[in-house]
>>> print(open('target-v1.csv').read())   # CSV, C-alpha atoms (C1' of nucleotides)
chain,number,residue,atom,x,y,z
A,1,MET,CA,-25.5,17.6,-20.5
A,2,SER,CA,-26.3,15.5,-17.4
A,3,CYS,CA,-23.8,13.8,-15.2
A,4,ASP,CA,-24.9,10.4,-16.4
A,5,THR,CA,-24.4,11.4,-20.0
A,6,ASP,CA,-20.9,12.6,-19.0
A,7,SER,CA,-20.2,9.2,-17.5
A,8,VAL,CA,-21.3,7.4,-20.6
A,9,ALA,CA,-19.1,9.7,-22.7
A,10,VAL,CA,-16.2,9.1,-20.5
A,11,LEU,CA,-16.5,5.3,-20.7
A,12,ARG,CA,-17.0,5.4,-24.5
A,13,ARG,CA,-14.0,7.6,-24.9
A,14,ALA,CA,-12.0,5.1,-22.9
A,15,GLU,CA,-13.4,2.3,-25.0
A,16,MET,CA,-14.7,0.5,-22.0
A,17,LYS,CA,-18.0,-1.3,-21.9
A,18,LEU,CA,-20.9,0.5,-20.3
A,19,THR,CA,-22.1,-1.6,-17.4
A,20,PRO,CA,-24.4,-0.6,-14.6
A,21,GLN,CA,-21.6,-1.2,-12.1
A,22,ARG,CA,-19.2,1.1,-13.8
A,23,LEU,CA,-21.7,3.9,-14.2
A,24,MET,CA,-22.4,3.7,-10.5
A,25,VAL,CA,-18.8,3.8,-9.5
A,26,LEU,CA,-18.2,6.8,-11.8
A,27,SER,CA,-21.2,8.5,-10.3
A,28,ALA,CA,-20.0,7.9,-6.7
A,29,LEU,CA,-16.6,9.3,-7.5
A,30,ARG,CA,-17.8,12.3,-9.5
A,31,HIS,CA,-20.3,13.3,-6.8
A,32,ALA,CA,-18.0,12.9,-3.9
A,33,GLN,CA,-16.7,15.9,-2.0
A,34,GLY,CA,-13.1,14.7,-1.8
A,35,HIS,CA,-11.6,11.2,-1.5
A,36,LEU,CA,-13.5,7.9,-1.1
A,37,THR,CA,-12.2,4.5,-0.1
A,38,ALA,CA,-13.1,1.4,-2.0
A,39,ALA,CA,-15.3,0.3,0.8
A,40,GLU,CA,-17.3,3.6,0.7
A,41,ILE,CA,-17.7,3.3,-3.1
A,42,PHE,CA,-18.8,-0.3,-2.6
A,43,GLU,CA,-21.4,0.7,0.0
A,44,GLN,CA,-22.8,3.4,-2.2
A,45,VAL,CA,-23.0,1.2,-5.3
A,46,ARG,CA,-24.5,-1.7,-3.4
A,47,ALA,CA,-27.3,0.5,-2.1
A,48,ALA,CA,-28.6,0.7,-5.6
A,49,TYR,CA,-27.3,-2.5,-7.0
A,50,PRO,CA,-27.1,-5.3,-4.4
A,51,TYR,CA,-25.5,-7.8,-6.7
A,52,VAL,CA,-22.2,-5.9,-7.1
A,53,ASP,CA,-19.0,-7.5,-5.8
A,54,ILE,CA,-16.1,-5.7,-4.2
A,55,SER,CA,-13.7,-7.2,-6.7
A,56,THR,CA,-15.6,-5.4,-9.4
A,57,ILE,CA,-15.2,-2.1,-7.6
A,58,TYR,CA,-11.4,-2.7,-7.4
A,59,ARG,CA,-11.2,-3.7,-11.1
A,60,THR,CA,-13.2,-0.6,-12.1
A,61,LEU,CA,-11.0,1.6,-10.0
A,62,THR,CA,-7.9,0.0,-11.5
A,63,ALA,CA,-9.2,0.5,-15.0
A,64,LEU,CA,-10.1,4.2,-14.3
A,65,ARG,CA,-6.7,4.8,-12.8
A,66,THR,CA,-5.0,3.3,-15.9
A,67,MET,CA,-7.1,5.7,-17.9
A,68,ARG,CA,-5.9,8.6,-15.7
A,69,LEU,CA,-9.5,9.4,-14.7
A,70,VAL,CA,-9.0,8.6,-11.1
A,71,THR,CA,-6.2,9.0,-8.6
A,72,GLU,CA,-5.3,6.4,-6.0
A,73,THR,CA,-3.3,7.5,-3.0
A,74,ASP,CA,-2.1,6.0,0.2
A,75,MET,CA,-3.0,8.6,2.8
A,76,GLY,CA,-1.7,6.4,5.6
A,77,SER,CA,-5.2,5.6,7.0
A,78,GLY,CA,-5.0,1.9,6.2
A,79,ASP,CA,-6.9,1.9,3.0
A,80,LEU,CA,-6.4,3.7,-0.3
A,81,ALA,CA,-8.0,7.0,-1.1
A,82,TYR,CA,-9.6,7.4,-4.6
A,83,GLU,CA,-10.6,10.7,-6.2
A,84,TRP,CA,-11.9,11.8,-9.5
A,85,VAL,CA,-9.1,13.6,-11.3
A,86,GLN,CA,-9.4,17.3,-11.1
A,87,GLU,CA,-8.5,19.8,-13.6
A,88,ARG,CA,-5.6,21.0,-11.5
A,89,PRO,CA,-3.7,18.4,-9.5
A,90,HIS,CA,-3.5,18.9,-5.8
A,91,HIS,CA,-1.6,17.1,-3.1
A,92,HIS,CA,-1.5,16.6,0.6
A,93,LEU,CA,0.8,16.9,3.5
A,94,ILE,CA,0.1,14.4,6.2
A,95,CYS,CA,1.5,14.7,9.7
A,96,SER,CA,2.7,11.5,11.1
A,97,GLY,CA,2.2,12.9,14.6
A,98,CYS,CA,-1.3,14.3,14.7
A,99,HIS,CA,-2.5,12.8,11.4
A,100,ARG,CA,-3.7,16.1,10.2
A,101,VAL,CA,-4.1,16.4,6.4
A,102,LEU,CA,-3.2,19.6,4.7
A,103,GLU,CA,-3.9,20.4,1.1
A,104,LEU,CA,-0.8,21.3,-0.9
A,105,ASP,CA,-0.9,23.3,-4.1
A,106,HIS,CA,0.4,21.7,-7.2
A,107,GLY,CA,3.1,24.4,-7.7
A,108,TYR,CA,5.3,22.5,-5.2
A,109,LEU,CA,5.3,19.4,-7.3
A,110,GLU,CA,5.0,21.1,-10.7
A,111,ARG,CA,8.6,22.3,-10.7
A,112,LEU,CA,9.8,18.8,-9.7
A,113,GLY,CA,7.9,17.4,-12.6
A,114,ASP,CA,9.4,20.0,-14.9
A,115,ASP,CA,12.9,19.1,-13.7
A,116,LEU,CA,12.4,15.4,-14.2
A,117,ALA,CA,11.1,16.0,-17.7
A,118,ARG,CA,13.9,18.3,-18.7
A,119,ASP,CA,16.8,16.4,-17.0
A,120,LEU,CA,15.8,12.8,-17.3
A,121,ASP,CA,13.1,12.7,-20.0
A,122,PHE,CA,10.7,11.2,-17.5
A,123,GLU,CA,7.0,12.1,-17.4
A,124,ALA,CA,6.1,11.8,-13.8
A,125,ASP,CA,2.6,11.1,-12.6
A,126,LEU,CA,2.1,13.9,-10.2
A,127,HIS,CA,-1.6,14.0,-9.9
A,128,HIS,CA,-2.1,13.4,-6.3
A,129,PHE,CA,0.7,13.0,-3.9
A,130,ALA,CA,0.7,12.4,-0.2
A,131,ILE,CA,3.8,13.6,1.6
A,132,PHE,CA,4.3,12.4,5.1
A,133,GLY,CA,6.2,14.3,7.7
A,134,ARG,CA,5.7,16.4,10.8
A,135,CYS,CA,4.0,19.7,11.3
A,136,ALA,CA,5.3,22.4,13.6
A,137,ALA,CA,3.2,21.3,16.5
A,138,CYS,CA,4.4,17.7,16.4
A,139,ARG,CA,8.1,18.3,16.0
A,140,PRO,CA,10.1,18.0,19.2
A,141,ALA,CA,11.6,21.4,20.1
A,142,ALA,CA,15.2,21.7,18.8
A,143,ALA,CA,15.0,18.4,17.0
A,144,PRO,CA,18.4,16.7,17.4
A,145,ALA,CA,20.2,16.1,14.2
A,146,ALA,CA,22.1,13.1,15.5
A,147,SER,CA,19.8,10.5,14.0
A,148,PRO,CA,20.7,9.0,10.6
A,149,GLY,CA,19.0,10.6,7.5
A,150,LEU,CA,17.6,14.1,7.5
B,1,MET,CA,33.5,-2.2,15.9
B,2,SER,CA,31.7,-5.1,14.4
B,3,CYS,CA,28.4,-5.0,12.7
B,4,ASP,CA,26.7,-6.9,15.5
B,5,THR,CA,28.0,-4.4,18.0
B,6,ASP,CA,26.6,-1.7,15.8
B,7,SER,CA,23.2,-3.4,15.8
B,8,VAL,CA,23.3,-3.6,19.6
B,9,ALA,CA,24.2,0.0,19.8
B,10,VAL,CA,21.4,1.0,17.4
B,11,LEU,CA,18.8,-0.9,19.4
B,12,ARG,CA,20.0,0.4,22.7
B,13,ARG,CA,20.0,4.0,21.4
B,14,ALA,CA,16.4,3.4,20.2
B,15,GLU,CA,15.5,2.0,23.7
B,16,MET,CA,14.3,-1.2,22.1
B,17,LYS,CA,14.9,-4.6,23.7
B,18,LEU,CA,17.6,-6.7,22.2
B,19,THR,CA,16.0,-9.8,20.9
B,20,PRO,CA,17.6,-12.4,18.6
B,21,GLN,CA,14.8,-11.7,16.1
B,22,ARG,CA,15.6,-8.0,16.0
B,23,LEU,CA,19.3,-8.5,15.7
B,24,MET,CA,18.8,-10.7,12.7
B,25,VAL,CA,16.4,-8.4,11.0
B,26,LEU,CA,18.9,-5.5,11.5
B,27,SER,CA,21.7,-7.7,10.1
B,28,ALA,CA,19.7,-8.7,7.0
B,29,LEU,CA,18.9,-5.0,6.3
B,30,ARG,CA,22.3,-3.7,6.9
B,31,HIS,CA,24.0,-6.3,4.8
B,32,ALA,CA,21.6,-6.0,1.9
B,33,GLN,CA,22.6,-4.6,-1.4
B,34,GLY,CA,19.6,-2.5,-2.0
B,35,HIS,CA,16.0,-3.1,-1.0
B,36,LEU,CA,14.5,-6.2,0.6
B,37,THR,CA,10.9,-7.3,0.9
B,38,ALA,CA,9.5,-8.5,4.2
B,39,ALA,CA,9.3,-12.0,2.8
B,40,GLU,CA,13.0,-11.9,1.9
B,41,ILE,CA,14.0,-10.7,5.4
B,42,PHE,CA,11.7,-13.4,6.8
B,43,GLU,CA,13.5,-16.1,4.8
B,44,GLN,CA,16.9,-14.9,5.8
B,45,VAL,CA,16.0,-14.7,9.5
B,46,ARG,CA,14.2,-18.0,9.5
B,47,ALA,CA,17.3,-19.8,8.0
B,48,ALA,CA,19.1,-19.0,11.3
B,49,TYR,CA,16.1,-18.9,13.7
B,50,PRO,CA,13.3,-21.2,12.6
B,51,TYR,CA,10.9,-20.1,15.3
B,52,VAL,CA,10.5,-16.6,14.1
B,53,ASP,CA,7.0,-15.5,12.9
B,54,ILE,CA,6.3,-13.2,10.0
B,55,SER,CA,4.3,-10.9,12.2
B,56,THR,CA,7.5,-10.3,14.3
B,57,ILE,CA,9.3,-9.2,11.1
B,58,TYR,CA,6.5,-6.7,10.3
B,59,ARG,CA,6.5,-5.4,13.8
B,60,THR,CA,10.3,-5.0,13.8
B,61,LEU,CA,10.2,-3.2,10.5
B,62,THR,CA,7.5,-0.9,11.7
B,63,ALA,CA,9.4,-0.1,14.8
B,64,LEU,CA,12.6,0.6,12.8
B,65,ARG,CA,10.7,2.8,10.4
B,66,THR,CA,9.3,4.8,13.3
B,67,MET,CA,12.8,5.2,14.6
B,68,ARG,CA,13.8,6.4,11.1
B,69,LEU,CA,16.4,3.6,10.7
B,70,VAL,CA,14.6,2.0,7.8
B,71,THR,CA,12.6,3.2,4.9
B,72,GLU,CA,9.5,1.5,3.6
B,73,THR,CA,8.5,2.2,0.0
B,74,ASP,CA,5.8,1.0,-2.3
B,75,MET,CA,7.8,0.4,-5.5
B,76,GLY,CA,4.7,-1.0,-7.2
B,77,SER,CA,5.8,-4.6,-7.3
B,78,GLY,CA,3.1,-5.8,-5.0
B,79,ASP,CA,5.0,-5.8,-1.8
B,80,LEU,CA,6.8,-3.1,0.1
B,81,ALA,CA,10.5,-2.5,-0.2
B,82,TYR,CA,12.6,-1.9,2.9
B,83,GLU,CA,16.0,-0.5,3.1
B,84,TRP,CA,18.5,0.6,5.8
B,85,VAL,CA,18.5,4.4,5.8
B,86,GLN,CA,21.5,5.7,4.1
B,87,GLU,CA,23.5,8.7,4.9
B,88,ARG,CA,22.2,10.6,1.9
B,89,PRO,CA,18.6,9.8,0.8
B,90,HIS,CA,18.0,8.6,-2.7
B,91,HIS,CA,14.8,8.0,-4.6
B,92,HIS,CA,13.5,6.1,-7.6
B,93,LEU,CA,11.7,6.8,-10.8
B,94,ILE,CA,9.5,3.9,-11.8
B,95,CYS,CA,8.2,3.6,-15.3
B,96,SER,CA,4.6,2.4,-15.4
B,97,GLY,CA,5.2,1.0,-18.8
B,98,CYS,CA,8.3,-1.1,-18.8
B,99,HIS,CA,8.6,-1.1,-15.0
B,100,ARG,CA,12.2,0.0,-15.1
B,101,VAL,CA,13.5,1.5,-11.9
B,102,LEU,CA,15.9,4.5,-12.1
B,103,GLU,CA,17.7,5.9,-9.2
B,104,LEU,CA,17.1,9.6,-8.5
B,105,ASP,CA,19.4,11.9,-6.7
B,106,HIS,CA,18.1,13.5,-3.6
B,107,GLY,CA,18.7,17.0,-5.0
B,108,TYR,CA,15.4,16.7,-6.8
B,109,LEU,CA,13.4,16.3,-3.6
B,110,GLU,CA,15.7,18.4,-1.4
B,111,ARG,CA,14.4,21.6,-2.8
B,112,LEU,CA,10.8,20.4,-2.4
B,113,GLY,CA,11.6,19.7,1.3
B,114,ASP,CA,13.2,23.1,1.7
B,115,ASP,CA,10.2,24.8,0.2
B,116,LEU,CA,7.8,22.9,2.5
B,117,ALA,CA,9.8,23.8,5.5
B,118,ARG,CA,10.1,27.4,4.6
B,119,ASP,CA,6.6,28.1,3.4
B,120,LEU,CA,4.5,25.7,5.5
B,121,ASP,CA,6.6,24.9,8.5
B,122,PHE,CA,6.3,21.2,7.6
B,123,GLU,CA,9.2,18.8,8.0
B,124,ALA,CA,8.7,16.3,5.2
B,125,ASP,CA,10.0,12.7,5.3
B,126,LEU,CA,11.8,12.6,2.1
B,127,HIS,CA,14.1,9.6,2.7
B,128,HIS,CA,13.0,7.3,-0.1
B,129,PHE,CA,10.4,8.3,-2.6
B,130,ALA,CA,9.1,6.3,-5.5
B,131,ILE,CA,7.8,8.5,-8.3
B,132,PHE,CA,5.8,6.7,-10.9
B,133,GLY,CA,5.5,7.9,-14.5
B,134,ARG,CA,6.7,7.0,-18.0
B,135,CYS,CA,10.1,7.0,-19.5
B,136,ALA,CA,10.8,8.3,-23.0
B,137,ALA,CA,10.6,4.8,-24.5
B,138,CYS,CA,7.1,4.2,-23.1
B,139,ARG,CA,5.5,7.4,-23.9
B,140,PRO,CA,3.3,7.5,-27.0
B,141,ALA,CA,4.8,9.8,-29.6
B,142,ALA,CA,3.2,13.2,-29.4
B,143,ALA,CA,1.2,12.4,-26.4
B,144,PRO,CA,-2.3,14.0,-26.7
B,145,ALA,CA,-3.0,16.6,-24.1
B,146,ALA,CA,-6.7,16.1,-24.3
B,147,SER,CA,-6.9,13.8,-21.3
B,148,PRO,CA,-7.7,15.3,-17.9
B,149,GLY,CA,-4.8,16.0,-15.6
B,150,LEU,CA,-1.4,16.7,-16.8
C,1,DA,C1',21.4,-14.5,41.4
C,2,DT,C1',16.5,-13.5,41.6
C,3,DC,C1',12.2,-11.2,40.8
C,4,DG,C1',8.8,-8.7,38.6
C,5,DC,C1',7.2,-5.8,35.1
C,6,DA,C1',6.7,-4.3,30.7
C,7,DA,C1',7.9,-5.1,26.2
C,8,DC,C1',8.1,-8.7,22.8
C,9,DT,C1',6.7,-12.8,20.3
C,10,DG,C1',4.1,-16.7,18.1
C,11,DC,C1',-0.3,-18.0,16.7
C,12,DA,C1',-4.5,-17.4,14.6
C,13,DA,C1',-7.8,-14.5,13.0
C,14,DT,C1',-8.6,-10.6,10.3
C,15,DC,C1',-8.3,-7.0,6.7
C,16,DA,C1',-7.7,-4.5,2.3
C,17,DG,C1',-6.8,-5.7,-2.1
C,18,DT,C1',-5.9,-9.2,-5.9
C,19,DT,C1',-6.8,-13.1,-9.0
C,20,DG,C1',-8.4,-17.5,-11.4
C,21,DC,C1',-12.3,-19.4,-13.3
C,22,DA,C1',-16.8,-20.1,-15.1
C,23,DC,C1',-20.6,-17.8,-16.4
C,24,DA,C1',-23.0,-13.4,-17.8
C,25,DA,C1',-23.5,-9.5,-20.5
C,26,DG,C1',-22.4,-5.5,-23.7
C,27,DC,C1',-22.3,-4.5,-28.3
C,28,DG,C1',-20.9,-4.6,-33.2
C,29,DG,C1',-22.0,-6.8,-37.4
C,30,DA,C1',-25.1,-9.3,-40.3
D,1,DT,C1',-33.7,-8.7,-34.3
D,2,DC,C1',-30.3,-12.2,-33.7
D,3,DC,C1',-25.7,-14.1,-33.1
D,4,DG,C1',-21.2,-14.5,-31.7
D,5,DC,C1',-17.2,-12.8,-29.6
D,6,DT,C1',-14.8,-10.4,-26.3
D,7,DT,C1',-15.1,-8.0,-22.2
D,8,DG,C1',-16.9,-7.9,-17.6
D,9,DT,C1',-18.6,-9.8,-13.3
D,10,DG,C1',-19.5,-12.7,-9.1
D,11,DC,C1',-17.6,-16.0,-6.3
D,12,DA,C1',-14.1,-18.1,-3.8
D,13,DA,C1',-9.5,-18.5,-2.9
D,14,DC,C1',-5.5,-16.1,-2.3
D,15,DT,C1',-1.8,-12.6,-0.8
D,16,DG,C1',0.7,-9.1,1.8
D,17,DA,C1',0.1,-6.9,5.9
D,18,DT,C1',-2.1,-6.1,10.5
D,19,DT,C1',-3.8,-7.1,15.1
D,20,DG,C1',-5.8,-9.4,19.5
D,21,DC,C1',-4.4,-12.4,22.9
D,22,DA,C1',-1.9,-15.3,25.9
D,23,DG,C1',2.5,-16.7,27.0
D,24,DT,C1',7.6,-15.6,26.8
D,25,DT,C1',11.5,-13.0,27.6
D,26,DG,C1',14.7,-9.0,28.2
D,27,DC,C1',16.4,-6.4,31.7
D,28,DG,C1',16.5,-3.0,35.6
D,29,DA,C1',16.2,-3.1,40.4
D,30,DT,C1',17.2,-5.4,44.5
>>> encode(input="target-v1.csv", output="structure tokens")
Amino acid sequence: MSCDTDSVAVLRRAEMKLTPQRLMVLSALRHAQGHLTAAEIFEQVRAAYPYVDISTIYRTLTALRTMRLVTETDMGSGDLAYEWVQERPHHHLICSGCHRVLELDHGYLERLGDDLARDLDFEADLHHFAIFGRCAACRPAAAPAASPGL
Amino acid sequence: MSCDTDSVAVLRRAEMKLTPQRLMVLSALRHAQGHLTAAEIFEQVRAAYPYVDISTIYRTLTALRTMRLVTETDMGSGDLAYEWVQERPHHHLICSGCHRVLELDHGYLERLGDDLARDLDFEADLHHFAIFGRCAACRPAAAPAASPGL
DNA sequence: ATCGCAACTGCAATCAGTTGCACAAGCGGA
DNA sequence: TCCGCTTGTGCAACTGATTGCAGTTGCGAT
């Protein structure tokens, strides 16, 4: 079964109309190694379909997100990061100092999700989190605890 | 010690210049019951100081966030929510169905923070998280597990 | 009190993302 | 194959947030 056939099946299952624009957005996302911004998706789709509008890209991404086929995450870069939902969720740690992005295994959020479900009957969307903070290299030595908060 | 004196002390400690605009932004935040949007802060400050510009509000909020005096959170409403940092962090669960906002005790994120520090030497900023998902009332009965992801 | 410097601000332009509207197109039913 | 209806799209305007620039101002040093 080819990728395009998969895309068709995905849209059918989601009861969304098959349009050339959507098929190309799906293709861009599914073939990507990692995250894409809306602008990157737009560029790729436009290469093959010059009539497409950026608002269509956003609408398609929003629809896919609603269908839980795509994650949308603010990675702190200024625009949102989109990614085809993977079988096992993963997350990122993002250092506010050096801006390095580390991948974080789902196990760390999995227990949080279990706790929220058990204690509060809340089904959290924990597909793709970005957690900001500071890595060891960027923390001041002997960080003073005088500041408010942590 | 009055609130204004506190604000002066806060800015001095942060080595930021004392400007009328900043003192008013601080005042708005510290007197707020809960979160405020940038537009709300702007309206309050402008009532007393008509010359202020919205870009100054954003710059001040960014500076305060950098100093960890204010939290900035995307609560999904369309604009960002700002709040004076409290002694004990708190978080929110936000239902994607009914848009109800529940307050979440820090204990749920505290362990996550501890794990990240211990295992990955990463000091996470876990002051004010918004976790999206679905409450019991909005989940379809017997939610099918066929969809990708959770 | 004055001066000079660096930080700060207002303004206008810009950007990423959203939305209303009118027209186009996908597709189910006949 | 055709038709009609509903969904989808392109366009332009809009919104929340950001940024470059020139002028203003807070404040430390004298």
>>> residues_around(input="target-v1.csv", residues="D:DT24", least_positions_apart="5", cutoff="10 Å", atoms="all atoms listed in the file", output="ChimeraX atom specification")
/C:8-10
>>> closest_atom_pairs(input="target-v1.csv", of="stretch 69-89 of chain A", to="stretch 23-28 of chain A", cutoff="10 Å", atoms="all atoms listed in the file", output="tab-separated table")
residue	atom	partner	partner_atom	distance
A:Leu69	CA	A:Leu26	CA	9.5
A:Val70	CA	A:Leu26	CA	9.4
A:Glu83	CA	A:Ala28	CA	9.8
A:Trp84	CA	A:Leu26	CA	8.4
>>> write_last_selection(input="target-v1.csv", atoms="C-alpha atoms", output="PDB file, in the coordinates of the input")
ATOM      1  CA  LEU A  69      -9.500   9.400 -14.700  1.00  0.00           C
ATOM      2  CA  VAL A  70      -9.000   8.600 -11.100  1.00  0.00           C
ATOM      3  CA  GLU A  83     -10.600  10.700  -6.200  1.00  0.00           C
ATOM      4  CA  TRP A  84     -11.900  11.800  -9.500  1.00  0.00           C
TER       5      TRP A  84
END
>>> interface_residues(input="target-v1.csv", of="chain A", to="chain C", cutoff="8 Å", atoms="only C-alpha atoms (C1' of nucleotides)", output="PyMOL selection string")
chain A and resi 17-19+58+78-79
>>> write_last_selection(input="target-v1.csv", atoms="C-alpha atoms", output="compact mmCIF listing (two decimals), keeping the file's coordinate frame")
# COMPACT_ATOMS: atom_id res chain seq x y z
CA LYS A 17 -18.00 -1.30 -21.90
CA LEU A 18 -20.90 0.50 -20.30
CA THR A 19 -22.10 -1.60 -17.40
CA TYR A 58 -11.40 -2.70 -7.40
CA GLY A 78 -5.00 1.90 6.20
CA ASP A 79 -6.90 1.90 3.00
>>> closest_atom_pairs(input="target-v1.csv", of="chain B", to="chain A", cutoff="9 Å", atoms="all atoms listed in the file", output="Markdown table")
| residue | atom | partner | partner_atom | distance |
| --- | --- | --- | --- | --- |
| B:Met67 | CA | A:Ser147 | CA | 8.8 |
| B:Arg68 | CA | A:Pro148 | CA | 7.4 |
| B:Leu69 | CA | A:Pro148 | CA | 6.9 |
| B:Val85 | CA | A:Gly149 | CA | 6.4 |
| B:Gln86 | CA | A:Gly149 | CA | 6.5 |
| B:Glu87 | CA | A:Gly149 | CA | 5.5 |
| B:Arg88 | CA | A:Gly149 | CA | 6.4 |
| B:Pro89 | CA | A:Gly149 | CA | 6.8 |
| B:Leu93 | CA | A:Phe122 | CA | 8.1 |
| B:Ile94 | CA | A:Ala124 | CA | 8.8 |
| B:Cys95 | CA | A:Phe122 | CA | 8.3 |
| B:Tyr108 | CA | A:Leu112 | CA | 6.6 |
| B:Leu109 | CA | A:Leu112 | CA | 7.5 |
| B:Arg111 | CA | A:Leu112 | CA | 8.8 |
| B:Leu112 | CA | A:Tyr108 | CA | 6.5 |
| B:Asp115 | CA | A:Tyr108 | CA | 7.6 |
| B:Leu116 | CA | A:Tyr108 | CA | 8.1 |
| B:Leu120 | CA | A:Cys135 | CA | 8.4 |
| B:Asp121 | CA | A:Ala136 | CA | 5.8 |
| B:Phe122 | CA | A:Cys135 | CA | 4.6 |
| B:Glu123 | CA | A:Arg134 | CA | 5.1 |
| B:Ala124 | CA | A:Gly133 | CA | 4.1 |
| B:Asp125 | CA | A:Gly133 | CA | 4.8 |
| B:Leu126 | CA | A:Leu150 | CA | 8.1 |
| B:His127 | CA | A:Gly149 | CA | 6.9 |
| B:Ile131 | CA | A:Ala124 | CA | 6.6 |
| B:Phe132 | CA | A:Asp125 | CA | 5.7 |
| B:Gly133 | CA | A:Ala124 | CA | 4.0 |
| B:Arg134 | CA | A:Glu123 | CA | 5.1 |
| B:Cys135 | CA | A:Phe122 | CA | 4.7 |
| B:Ala136 | CA | A:Asp121 | CA | 5.8 |
| B:Arg139 | CA | A:Glu123 | CA | 8.2 |
| B:Ser147 | CA | A:Arg68 | CA | 7.7 |
| B:Pro148 | CA | A:Glu87 | CA | 6.3 |
| B:Gly149 | CA | A:Glu87 | CA | 5.7 |
| B:Leu150 | CA | A:His127 | CA | 7.4 |
>>> closest_residue(input="target-v1.csv", among="D:DT6, D:DC11, D:DG16, D:DT1", to="A:Tyr51", atoms="only C-alpha atoms (C1' of nucleotides)")
D:DC11
>>> atom_distance(input="target-v1.csv", atom1="atom CA of A:Arg30", atom2="atom CA of A:Arg65")
13.8 Å
>>> interface_residues(input="target-v1.csv", of="chain D", to="chain A", cutoff="9 Å", atoms="all atoms listed in the file", output="PyMOL selection string")
chain D and resi 7-11
>>> residues_near_point(input="target-v1.csv", point="(17.7, -10.5, 5.1)", cutoff="6 Å", atoms="all atoms listed in the file", output="ChimeraX atom specification")
/B:28-29,40-41,44
>>> atom_distance(input="target-v1.csv", atom1="atom CA of B:Thr73", atom2="atom CA of A:His91")
18.3 Å
>>> atom_distance(input="target-v1.csv", atom1="atom CA of B:Tyr82", atom2="atom CA of B:Phe42")
12.2 Å
